[in-house]
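Source file coords13.pdb; content: PDB, C-alpha atoms and all ligand atoms.
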ATOM      1  CA  MET A   1       0.000   0.000   0.000
ATOM      2  CA  SER A   2       2.864   2.406   0.754
ATOM      3  CA  ASN A   3       3.485   3.329  -2.883
ATOM      4  CA  GLU A   4      -0.180   3.733  -3.693
ATOM      5  CA  ALA A   5      -1.854   7.119  -3.460
ATOM      6  CA  PRO A   6      -4.458   7.340  -0.695
ATOM      7  CA  THR A   7      -8.043   6.749  -1.871
ATOM      8  CA  PRO A   8     -10.318   9.847  -2.067
ATOM      9  CA  GLN A   9     -12.125   8.813   1.144
ATOM     10  CA  ALA A  10      -8.835   8.141   2.996
ATOM     11  CA  ALA A  11      -8.322   9.880   6.338
ATOM     12  CA  SER A  12      -5.081  11.454   5.117
ATOM     13  CA  VAL A  13      -6.711  13.405   2.276
ATOM     14  CA  MET A  14      -9.641  14.747   4.275
ATOM     15  CA  THR A  15     -10.019  18.392   5.195
ATOM     16  CA  LEU A  16     -12.434  19.931   7.679
ATOM     17  CA  GLU A  17     -14.608  20.868   4.676
ATOM     18  CA  ASN A  18     -14.898  17.387   3.143
ATOM     19  CA  TYR A  19     -14.575  15.408   6.402
ATOM     20  CA  ARG A  20     -16.562  12.168   6.610
ATOM     21  CA  PHE A  21     -16.452   9.949   9.682
ATOM     22  CA  PRO A  22     -14.508   6.788   8.698
ATOM     23  CA  ALA A  23     -16.754   3.787   9.250
ATOM     24  CA  HIS A  24     -15.574   1.362   6.548
ATOM     25  CA  ARG A  25     -14.366  -1.141   9.160
ATOM     26  CA  LEU A  26     -16.922  -0.406  11.842
ATOM     27  CA  GLN A  27     -18.958  -3.563  12.499
ATOM     28  CA  GLN A  28     -22.531  -2.983  11.250
ATOM     29  CA  GLN A  29     -24.128  -5.704  13.349
ATOM     30  CA  GLN A  30     -23.298  -7.328  16.655
ATOM     31  CA  SER A  31     -22.228 -10.987  16.658
ATOM     32  CA  ASP A  32     -23.076 -11.822  20.253
ATOM     33  CA  PRO A  33     -26.531 -10.876  21.635
ATOM     34  CA  ASP A  34     -25.330 -11.128  25.245
ATOM     35  CA  ARG A  35     -22.538  -8.584  24.951
ATOM     36  CA  ILE A  36     -22.415  -4.787  25.002
ATOM     37  CA  PRO A  37     -20.991  -3.307  21.777
ATOM     38  CA  LEU A  38     -17.790  -1.327  22.376
ATOM     39  CA  VAL A  39     -15.653   1.036  20.288
ATOM     40  CA  LEU A  40     -12.091   1.748  21.461
ATOM     41  CA  VAL A  41     -10.548   5.173  20.834
ATOM     42  CA  ALA A  42      -6.807   5.782  21.324
ATOM     43  CA  CYS A  43      -5.832   9.466  21.497
ATOM     44  CA  GLY A  44      -2.168  10.360  21.269
ATOM     45  CA  SER A  45       0.687  11.884  19.338
ATOM     46  CA  PHE A  46       1.624   8.816  17.265
ATOM     47  CA  SER A  47       4.819  10.540  16.163
ATOM     48  CA  PRO A  48       5.392   7.989  14.734
ATOM     49  CA  ILE A  49       2.956   5.131  15.345
ATOM     50  CA  THR A  50       4.668   1.975  16.703
ATOM     51  CA  TYR A  51       3.740  -1.694  16.889
ATOM     52  CA  LEU A  52       2.969  -1.150  20.566
ATOM     53  CA  HIS A  53       0.256   1.376  19.696
ATOM     54  CA  LEU A  54      -1.270  -1.233  17.389
ATOM     55  CA  ARG A  55      -0.824  -4.036  19.960
ATOM     56  CA  MET A  56      -2.777  -1.983  22.537
ATOM     57  CA  PHE A  57      -5.938  -2.613  20.511
ATOM     58  CA  GLU A  58      -5.283  -6.358  20.241
ATOM     59  CA  MET A  59      -4.625  -6.565  23.998
ATOM     60  CA  ALA A  60      -7.834  -4.615  24.711
ATOM     61  CA  ASN A  61      -9.815  -6.841  22.361
ATOM     62  CA  ASP A  62      -8.563 -10.005  24.120
ATOM     63  CA  TYR A  63      -9.147  -8.421  27.524
ATOM     64  CA  SER A  64     -12.725  -7.458  26.581
ATOM     65  CA  ARG A  65     -13.553 -10.943  25.318
ATOM     66  CA  ILE A  66     -12.013 -12.789  28.269
ATOM     67  CA  ASN A  67     -12.758 -10.483  31.206
ATOM     68  CA  THR A  68     -15.798  -8.397  30.326
ATOM     69  CA  LYS A  69     -19.266  -8.423  28.782
ATOM     70  CA  TYR A  70     -18.138  -6.155  25.920
ATOM     71  CA  GLU A  71     -17.850  -7.040  22.252
ATOM     72  CA  VAL A  72     -15.349  -4.801  20.466
ATOM     73  CA  VAL A  73     -17.007  -3.625  17.233
ATOM     74  CA  GLY A  74     -14.439  -1.022  16.150
ATOM     75  CA  GLY A  75     -11.148   0.659  16.965
ATOM     76  CA  TYR A  76      -9.916   4.173  16.141
ATOM     77  CA  LEU A  77      -6.615   6.009  16.299
ATOM     78  CA  SER A  78      -7.142   9.738  16.799
ATOM     79  CA  PRO A  79      -3.858  11.644  16.323
ATOM     80  CA  VAL A  80      -3.640  14.958  18.197
ATOM     81  CA  SER A  81      -3.600  18.195  16.149
ATOM     82  CA  ASP A  82      -0.588  20.409  15.434
ATOM     83  CA  ALA A  83      -1.878  22.805  18.099
ATOM     84  CA  TYR A  84      -0.625  20.337  20.765
ATOM     85  CA  LYS A  85       2.943  21.618  20.214
ATOM     86  CA  LYS A  86       4.676  18.678  21.878
ATOM     87  CA  ALA A  87       8.396  18.130  21.266
ATOM     88  CA  GLY A  88       8.998  15.665  18.436
ATOM     89  CA  LEU A  89       5.539  16.099  16.947
ATOM     90  CA  ALA A  90       5.676  15.715  13.157
ATOM     91  CA  GLU A  91       3.050  17.612  11.148
ATOM     92  CA  SER A  92      -0.410  16.131  11.639
ATOM     93  CA  ARG A  93      -0.795  15.286   7.924
ATOM     94  CA  HIS A  94       2.238  13.012   8.223
ATOM     95  CA  ARG A  95       1.091  11.423  11.514
ATOM     96  CA  VAL A  96      -2.388  10.758  10.115
ATOM     97  CA  ARG A  97      -0.941   9.174   6.964
ATOM     98  CA  MET A  98       1.492   6.997   8.980
ATOM     99  CA  CYS A  99      -1.365   5.798  11.202
ATOM    100  CA  GLU A 100      -3.420   5.106   8.086
ATOM    101  CA  LEU A 101      -0.619   3.091   6.449
ATOM    102  CA  ALA A 102      -0.122   1.109   9.665
ATOM    103  CA  ALA A 103      -3.844   0.415  10.163
ATOM    104  CA  GLU A 104      -4.534  -0.520   6.545
ATOM    105  CA  ASP A 105      -1.450  -2.713   6.231
ATOM    106  CA  THR A 106      -1.401  -4.522   9.536
ATOM    107  CA  SER A 107      -5.001  -4.704  10.739
ATOM    108  CA  SER A 108      -8.427  -5.767   9.521
ATOM    109  CA  TRP A 109     -10.412  -3.649  11.963
ATOM    110  CA  LEU A 110      -8.504  -0.490  12.963
ATOM    111  CA  MET A 111      -9.333   2.920  11.484
ATOM    112  CA  VAL A 112      -7.872   6.417  11.683
ATOM    113  CA  ASP A 113     -10.141   9.358  12.387
ATOM    114  CA  PRO A 114      -8.516  12.623  11.209
ATOM    115  CA  TRP A 115     -11.142  14.883  12.837
ATOM    116  CA  GLU A 116      -9.063  15.741  15.919
ATOM    117  CA  ALA A 117      -5.874  16.163  13.859
ATOM    118  CA  LEU A 118      -7.643  18.590  11.490
ATOM    119  CA  GLN A 119      -8.774  20.975  14.238
ATOM    120  CA  PRO A 120      -7.007  24.356  14.201
ATOM    121  CA  ASP A 121      -7.175  24.523  18.001
ATOM    122  CA  TYR A 122      -6.244  21.936  20.614
ATOM    123  CA  MET A 123      -9.187  19.642  21.295
ATOM    124  CA  PRO A 124      -9.437  18.178  24.811
ATOM    125  CA  THR A 125      -9.868  14.394  24.896
ATOM    126  CA  ALA A 126     -13.357  14.672  26.462
ATOM    127  CA  LYS A 127     -14.521  16.561  23.338
ATOM    128  CA  VAL A 128     -12.889  13.979  21.059
ATOM    129  CA  LEU A 129     -14.836  11.190  22.785
ATOM    130  CA  ASP A 130     -18.031  13.285  22.455
ATOM    131  CA  HIS A 131     -17.351  13.446  18.711
ATOM    132  CA  PHE A 132     -17.218   9.615  18.521
ATOM    133  CA  GLU A 133     -20.374   9.334  20.620
ATOM    134  CA  HIS A 134     -22.146  11.738  18.259
ATOM    135  CA  GLU A 135     -20.976  10.070  15.028
ATOM    136  CA  ILE A 136     -21.674   6.520  16.160
ATOM    137  CA  ASN A 137     -24.730   6.811  18.389
ATOM    138  CA  ASN A 138     -26.500   9.948  17.076
ATOM    139  CA  VAL A 139     -25.642  10.034  13.366
ATOM    140  CA  ARG A 140     -25.497   6.239  12.846
ATOM    141  CA  ASN A 141     -27.956   5.316  15.587
ATOM    142  CA  GLY A 142     -25.581   2.742  17.097
ATOM    143  CA  ILE A 143     -25.277  -0.804  15.820
ATOM    144  CA  LEU A 144     -27.758  -3.430  14.645
ATOM    145  CA  SER A 145     -28.434  -6.068  17.307
ATOM    146  CA  ALA A 146     -27.291  -9.659  16.752
ATOM    147  CA  ASP A 147     -30.855 -10.787  15.901
ATOM    148  CA  GLY A 148     -31.236  -7.876  13.470
ATOM    149  CA  GLY A 149     -34.312  -6.580  15.292
ATOM    150  CA  THR A 150     -33.115  -3.327  16.889
ATOM    151  CA  GLN A 151     -30.412  -0.670  16.899
ATOM    152  CA  ARG A 152     -28.320  -0.743  20.094
ATOM    153  CA  PRO A 153     -26.194   2.089  21.508
ATOM    154  CA  VAL A 154     -22.431   1.537  21.363
ATOM    155  CA  LYS A 155     -20.229   2.129  24.399
ATOM    156  CA  ILE A 156     -17.256   4.389  23.582
ATOM    157  CA  MET A 157     -14.087   3.962  25.674
ATOM    158  CA  LEU A 158     -10.694   5.601  25.808
ATOM    159  CA  LEU A 159      -7.755   3.247  25.215
ATOM    160  CA  ALA A 160      -4.497   4.518  26.705
ATOM    161  CA  GLY A 161      -1.210   3.600  28.345
ATOM    162  CA  ALA A 162      -0.492   3.805  32.071
ATOM    163  CA  ASP A 163       1.509   7.033  31.685
ATOM    164  CA  LEU A 164      -1.561   8.785  30.330
ATOM    165  CA  ILE A 165      -3.818   7.683  33.188
ATOM    166  CA  GLY A 166      -0.943   8.752  35.478
ATOM    167  CA  THR A 167      -1.293  12.309  34.155
ATOM    168  CA  MET A 168      -4.982  12.081  35.123
ATOM    169  CA  SER A 169      -3.935  11.476  38.719
ATOM    170  CA  THR A 170      -1.614  14.490  38.603
ATOM    171  CA  PRO A 171      -3.438  17.602  39.789
ATOM    172  CA  GLY A 172      -3.806  20.401  37.251
ATOM    173  CA  VAL A 173      -3.202  18.474  34.006
ATOM    174  CA  TRP A 174      -6.817  17.577  33.213
ATOM    175  CA  ALA A 175      -9.940  19.638  33.969
ATOM    176  CA  GLU A 176     -11.908  17.969  36.789
ATOM    177  CA  LYS A 177     -15.146  18.030  34.790
ATOM    178  CA  ASP A 178     -13.387  16.377  31.836
ATOM    179  CA  LEU A 179     -12.046  13.604  34.090
ATOM    180  CA  ASP A 180     -15.537  13.009  35.408
ATOM    181  CA  HIS A 181     -16.900  12.934  31.855
ATOM    182  CA  ILE A 182     -14.169  10.613  30.498
ATOM    183  CA  LEU A 183     -13.899   8.212  33.430
ATOM    184  CA  GLY A 184     -17.477   8.518  34.723
ATOM    185  CA  ASN A 185     -19.413   8.408  31.443
ATOM    186  CA  PHE A 186     -17.100   6.786  28.897
ATOM    187  CA  GLY A 187     -14.568   4.707  30.850
ATOM    188  CA  ALA A 188     -11.031   3.670  29.966
ATOM    189  CA  MET A 189      -8.955   0.624  29.129
ATOM    190  CA  ILE A 190      -5.418   1.149  30.406
ATOM    191  CA  VAL A 191      -2.404  -0.845  29.228
ATOM    192  CA  GLU A 192       0.367  -1.143  31.811
ATOM    193  CA  ARG A 193       3.658   0.468  30.824
ATOM    194  CA  SER A 194       7.086  -0.212  32.279
ATOM    195  CA  GLY A 195       8.287   2.831  34.171
ATOM    196  CA  THR A 196       4.788   3.702  35.401
ATOM    197  CA  ASP A 197       3.575   2.352  38.735
ATOM    198  CA  MET A 198      -0.067   1.434  38.158
ATOM    199  CA  ASP A 199      -1.107   1.949  41.810
ATOM    200  CA  GLU A 200       0.409   5.408  41.762
ATOM    201  CA  ALA A 201      -1.146   6.167  38.375
ATOM    202  CA  LEU A 202      -4.609   5.261  39.695
ATOM    203  CA  ALA A 203      -4.148   6.738  43.179
ATOM    204  CA  ASN A 204      -6.431   9.757  42.754
ATOM    205  CA  LEU A 205      -8.956   8.083  40.486
ATOM    206  CA  LYS A 206     -10.621   5.743  43.022
ATOM    207  CA  GLN A 207     -14.097   7.197  42.511
ATOM    208  CA  TRP A 208     -14.084   5.971  38.906
ATOM    209  CA  GLU A 209     -12.274   2.640  39.477
ATOM    210  CA  ASP A 210     -15.251   0.565  38.260
ATOM    211  CA  ASN A 211     -14.898   2.217  34.838
ATOM    212  CA  ILE A 212     -11.115   1.791  34.569
ATOM    213  CA  HIS A 213      -9.964  -1.541  33.151
ATOM    214  CA  VAL A 214      -6.304  -2.339  33.722
ATOM    215  CA  ILE A 215      -4.686  -4.545  31.072
ATOM    216  CA  THR A 216      -1.452  -6.321  31.993
ATOM    217  CA  GLN A 217       1.069  -6.769  29.208
ATOM    218  CA  MET A 218       1.763 -10.513  29.191
ATOM    219  CA  ILE A 219       4.607  -9.943  26.747
ATOM    220  CA  GLN A 220       6.320  -6.733  27.789
ATOM    221  CA  ASN A 221       6.794  -4.280  24.950
ATOM    222  CA  ASN A 222       8.503  -1.050  25.817
ATOM    223  CA  VAL A 223       8.719   0.582  22.403
ATOM    224  CA  SER A 224       7.960   4.299  22.456
ATOM    225  CA  SER A 225       7.821   6.953  19.766
ATOM    226  CA  THR A 226      10.549   8.868  21.605
ATOM    227  CA  LYS A 227      12.956   5.919  21.251
ATOM    228  CA  ILE A 228      12.040   5.501  17.580
ATOM    229  CA  ARG A 229      12.806   9.186  16.937
ATOM    230  CA  LEU A 230      16.097   8.818  18.784
ATOM    231  CA  PHE A 231      17.100   5.795  16.681
ATOM    232  CA  LEU A 232      16.184   7.628  13.474
ATOM    233  CA  ARG A 233      18.249  10.673  14.445
ATOM    234  CA  ARG A 234      21.223   8.371  14.996
ATOM    235  CA  ASP A 235      20.582   6.671  11.683
ATOM    236  CA  MET A 236      19.899   3.369  13.462
ATOM    237  CA  SER A 237      17.482   0.705  12.228
ATOM    238  CA  VAL A 238      13.863   0.743  13.420
ATOM    239  CA  GLN A 239      12.965  -2.333  11.388
ATOM    240  CA  TYR A 240      10.479  -4.635  13.196
ATOM    241  CA  LEU A 241       9.663  -1.915  15.751
ATOM    242  CA  ILE A 242       7.275   0.013  13.503
ATOM    243  CA  PRO A 243       5.508  -1.161  10.304
ATOM    244  CA  ALA A 244       7.666  -1.314   7.154
ATOM    245  CA  THR A 245       5.302   1.003   5.249
ATOM    246  CA  VAL A 246       5.730   3.608   7.985
ATOM    247  CA  ILE A 247       9.544   3.317   7.746
ATOM    248  CA  GLU A 248       9.274   3.836   3.993
ATOM    249  CA  TYR A 249       7.089   6.909   4.529
ATOM    250  CA  ILE A 250       9.513   8.364   7.083
ATOM    251  CA  ASP A 251      12.392   7.872   4.618
ATOM    252  CA  GLN A 252      10.483   9.412   1.731
ATOM    253  CA  HIS A 253       9.549  12.489   3.728
ATOM    254  CA  ARG A 254      12.808  12.679   5.691
ATOM    255  CA  LEU A 255      10.978  12.855   9.007
ATOM    256  CA  TYR A 256      12.679  12.801  12.401
ATOM    257  CA  THR A 257      16.170  13.624  11.186
ATOM    258  CA  ASP A 258      17.754  16.750  12.631
ATOM    259  CA  ASP A 259      18.258  18.235   9.190
ATOM    260  CA  GLY A 260      15.061  16.728   7.793
ATOM    261  CA  GLU A 261      13.431  20.045   7.068
ATOM    262  CA  SER A 262      16.343  21.537   5.178
ATOM    263  CA  LYS A 263      16.817  18.358   3.130
ATOM    264  CA  ALA A 264      13.128  18.362   2.205
ATOM    265  CA  LYS A 265      13.351  22.032   1.191
ATOM    266  CA  ASP A 266      16.448  21.315  -0.950
ATOM    267  CA  LYS A 267      14.545  18.497  -2.653
ATOM    268  CA  ASP A 268      11.594  20.803  -3.347
ATOM    269  CA  LYS A 269      13.982  23.420  -4.810
ATOM    270  CA  GLN A 270      15.551  20.756  -7.029
ATOM    271  CA  HIS A 271      12.109  19.703  -8.293
ATOM    272  CA  ALA A 272      11.210  23.333  -8.996
ATOM    273  CA  ALA A 273      14.475  23.833 -10.939
ATOM    274  CA  ASN A 274      13.961  20.734 -13.147
TER     275      ASN A 274
HETATM  276  N1  LIG B   1       5.212   1.167  25.551
HETATM  277  C1  LIG B   1       3.964   1.518  25.841
HETATM  278  N2  LIG B   1       3.248   0.843  26.766
HETATM  279  C2  LIG B   1       1.972   1.188  27.069
HETATM  280  N3  LIG B   1       1.324   2.225  26.494
HETATM  281  C3  LIG B   1       1.971   2.957  25.576
HETATM  282  C4  LIG B   1       3.323   2.647  25.171
HETATM  283  N4  LIG B   1       3.703   3.541  24.205
HETATM  284  C5  LIG B   1       2.647   4.361  24.026
HETATM  285  N5  LIG B   1       1.618   4.036  24.826
HETATM  286  C6  LIG B   1       0.310   4.696  24.908
HETATM  287  O1  LIG B   1      -0.138   4.957  23.582
HETATM  288  C7  LIG B   1      -0.936   6.153  23.556
HETATM  289  C8  LIG B   1      -0.460   7.078  22.467
HETATM  290  O2  LIG B   1       0.894   7.308  22.685
HETATM  291  P1  LIG B   1       1.687   8.639  22.350
HETATM  292  O3  LIG B   1       2.053   8.613  20.907
HETATM  293  O4  LIG B   1       0.979   9.863  22.809
HETATM  294  O5  LIG B   1       2.857   8.334  23.343
HETATM  295  P2  LIG B   1       4.304   7.732  23.232
HETATM  296  O6  LIG B   1       4.466   6.562  22.324
HETATM  297  O7  LIG B   1       4.679   7.611  24.655
HETATM  298  O8  LIG B   1       4.966   8.963  22.525
HETATM  299  P3  LIG B   1       6.229   9.833  22.954
HETATM  300  O9  LIG B   1       7.324   8.846  23.154
HETATM  301  O10 LIG B   1       6.356  10.730  21.744
HETATM  302  O11 LIG B   1       5.842  10.558  24.228
HETATM  303  C9  LIG B   1      -0.812   6.761  24.973
HETATM  304  O12 LIG B   1      -1.992   6.440  25.669
HETATM  305  C10 LIG B   1       0.392   6.060  25.578
HETATM  306  O13 LIG B   1       0.238   5.932  26.968
HETATM  307  O1  LIG B   2      -7.942  16.651  27.445
HETATM  308  C1  LIG B   2      -7.010  16.929  28.219
HETATM  309  O2  LIG B   2      -7.111  17.764  29.131
HETATM  310  C2  LIG B   2      -5.668  16.233  28.019
HETATM  311  C3  LIG B   2      -4.597  16.440  28.887
HETATM  312  C4  LIG B   2      -3.399  15.771  28.641
HETATM  313  C5  LIG B   2      -3.276  14.909  27.546
HETATM  314  N1  LIG B   2      -4.356  14.715  26.746
HETATM  315  C6  LIG B   2      -4.271  13.830  25.581
HETATM  316  O3  LIG B   2      -3.471  12.702  25.859
HETATM  317  C7  LIG B   2      -2.845  12.236  24.663
HETATM  318  C8  LIG B   2      -1.406  11.854  24.900
HETATM  319  O4  LIG B   2      -0.701  12.942  25.339
HETATM  320  P1  LIG B   2       0.894  12.840  25.555
HETATM  321  O5  LIG B   2       1.270  14.221  25.951
HETATM  322  O6  LIG B   2       1.096  11.805  26.595
HETATM  323  O7  LIG B   2       1.446  12.429  24.200
HETATM  324  C9  LIG B   2      -3.084  13.316  23.625
HETATM  325  O8  LIG B   2      -4.076  12.844  22.752
HETATM  326  C10 LIG B   2      -3.610  14.510  24.396
HETATM  327  O9  LIG B   2      -4.570  15.273  23.677
HETATM  328  C11 LIG B   2      -5.521  15.338  26.953
END

For the structure just supplied, provide its representation as structure tokens.
Ligand SMILES: Nc1ncnc2c1ncn2[C@@H]1O[C@H](COP(=O)(O)OP(=O)(O)OP(=O)(O)O)[C@@H](O)[C@H]1O
Ligand SMILES: O=C(O)c1ccc[n+]([C@@H]2O[C@H](COP(=O)([O-])O)[C@@H](O)[C@H]2O)c1
Amino acid sequence: MSNEAPTPQAASVMTLENYRFPAHRLQQQQSDPDRIPLVLVACGSFSPITYLHLRMFEMANDYSRINTKYEVVGGYLSPVSDAYKKAGLAESRHRVRMCELAAEDTSSWLMVDPWEALQPDYMPTAKVLDHFEHEINNVRNGILSADGGTQRPVKIMLLAGADLIGTMSTPGVWAEKDLDHILGNFGAMIVERSGTDMDEALANLKQWEDNIHVITQMIQNNVSSTKIRLFLRRDMSVQYLIPATVIEYIDQHRLYTDDGESKAKDKDKQHAAN
């Protein structure tokens, strides 16, 4: 897929004007009548997306099937917009395209929603989850029941790593009303992460503990985007840590190299001269 142009409905070619909620892999009908339909939403930088980000969804799917009454009917990556201004953040158009390449090439059920990435202003996570609630439960009226008789509402949940829930326990990072909305109304699936003490991360979130599902990593994977960027700056291999199509894209666009921008500009000048 990496050498193919994105299709017209692809997340990476959408603008705020022609935006359409991606639903091509969203399950249309439930398989199990006894389960509650669930859509997982991972918000983050994804600069760049790694295999761990993708694995989080697989772990959450297994966890849901084995430990809960939920049936996962869809999964979305929602890259943060350029307004987030975090160190190491590549332009959102690149992050959306890398997520899209990774999802299309390695998964049969993950999708990328560019809505958050396209926003000119920073969009708090509570508002991003509201957007999914609106698109799935208001616009689409939920999901068809297993017997085909009724439409059922879909539960939307945040999927995140332990460091992110740790920031929720840290006073002042998240608005209190947003925490109550995210953890009280939506809920979260949290993947443990080495370097983050789960008890500490959850310490101030006791009132919502019934809505917080902790997923243990049975095979520890400690890949992070920061380490990938570091390897790329040192011209070291990132093969088998992130999808091959994403590596190809990073090479083509000279992302995450110290002199990446100037090289890209030189290339543009060369094209213009020819
Ligand atoms: N190794 C990991 N273990 C568990 N969760 C992770 C891991 N890497 C990322 N995540 C989670 O994936 C989500 C999106 O990650 P994001 O791109 O924002 O972070 P990151 O990979 O830590 O990036 P950076 O290194 O640039 O800070 C977050 O919820 C984060 O907690
Ligand atoms: O909504 C908030 O108040 C909020 C506060 C801190 C972080 N977030 C979200 O958490 C995600 C990961 O952030 P970070 O800084 O750990 O890469 C990203 O999608 C942010 O928008 C959201």

Exercise. Could you tell me which residues the PyMOL selection byres (((chain A and resi 244-247) around 7) and not hetatm) grabs in this file, written as a VMD selection string?
Key: chain A and resid 2 98 101 to 102 239 242 to 243 248 to 251

Quiz prompt | Residue neighbourhood Leu54 of chain A, 10 Å, all atoms listed in the file, exclusion window fewer than 6 positions, as a PyMOL selection string | solution = chain A and resi 42+77+99+102-103+106-107+110+242-243

Practice problem: Pick out the residues no farther than 6 Å from ligand LIG 2 (chain B), counting only C-alpha atoms and all ligand atoms, and list them as a PyMOL selection string. | Solution: chain A and resi 43-45+80+124-126+164+173-175

Once the PyMOL selection byres (((not hetatm)) within 6 of (chain B and resi 1)) has been evaluated on this model, what residues remain selected, and can you format them as a compact mmCIF listing (two decimals) with C-alpha atoms, keeping the file's coordinate frame?
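Generated output (out.txt):
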# COMPACT_ATOMS: atom_id res chain seq x y z
CA CYS A 43 -5.83 9.47 21.50
CA GLY A 44 -2.17 10.36 21.27
CA SER A 45 0.69 11.88 19.34
CA PHE A 46 1.62 8.82 17.26
CA SER A 47 4.82 10.54 16.16
CA LEU A 52 2.97 -1.15 20.57
CA HIS A 53 0.26 1.38 19.70
CA ALA A 160 -4.50 4.52 26.70
CA GLY A 161 -1.21 3.60 28.34
CA ALA A 162 -0.49 3.80 32.07
CA ASP A 163 1.51 7.03 31.68
CA LEU A 164 -1.56 8.78 30.33
CA VAL A 191 -2.40 -0.84 29.23
CA GLU A 192 0.37 -1.14 31.81
CA ARG A 193 3.66 0.47 30.82
CA ASN A 221 6.79 -4.28 24.95
CA ASN A 222 8.50 -1.05 25.82
CA VAL A 223 8.72 0.58 22.40
CA SER A 224 7.96 4.30 22.46
CA SER A 225 7.82 6.95 19.77
CA THR A 226 10.55 8.87 21.60

Quiz item: Just how far from atom CA of Arg25 of chain A is atom CA of His181 of chain A, in Å to one decimal?
Solution: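 These two atoms are separated by 26.8 Å.
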
Practice problem: Could you list the residues chosen by the PyMOL selection byres (((chain A and resi 71) around 8) and not hetatm) in this structure as a list in words? | Solution: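 Output of the PyMOL selection byres (((chain A and resi 71) around 8) and not hetatm): Gln30, Asp32, Arg35, Ile36, Pro37, Leu38, Ser64, Arg65, Lys69, Tyr70, Val72 and Val73 of chain A.
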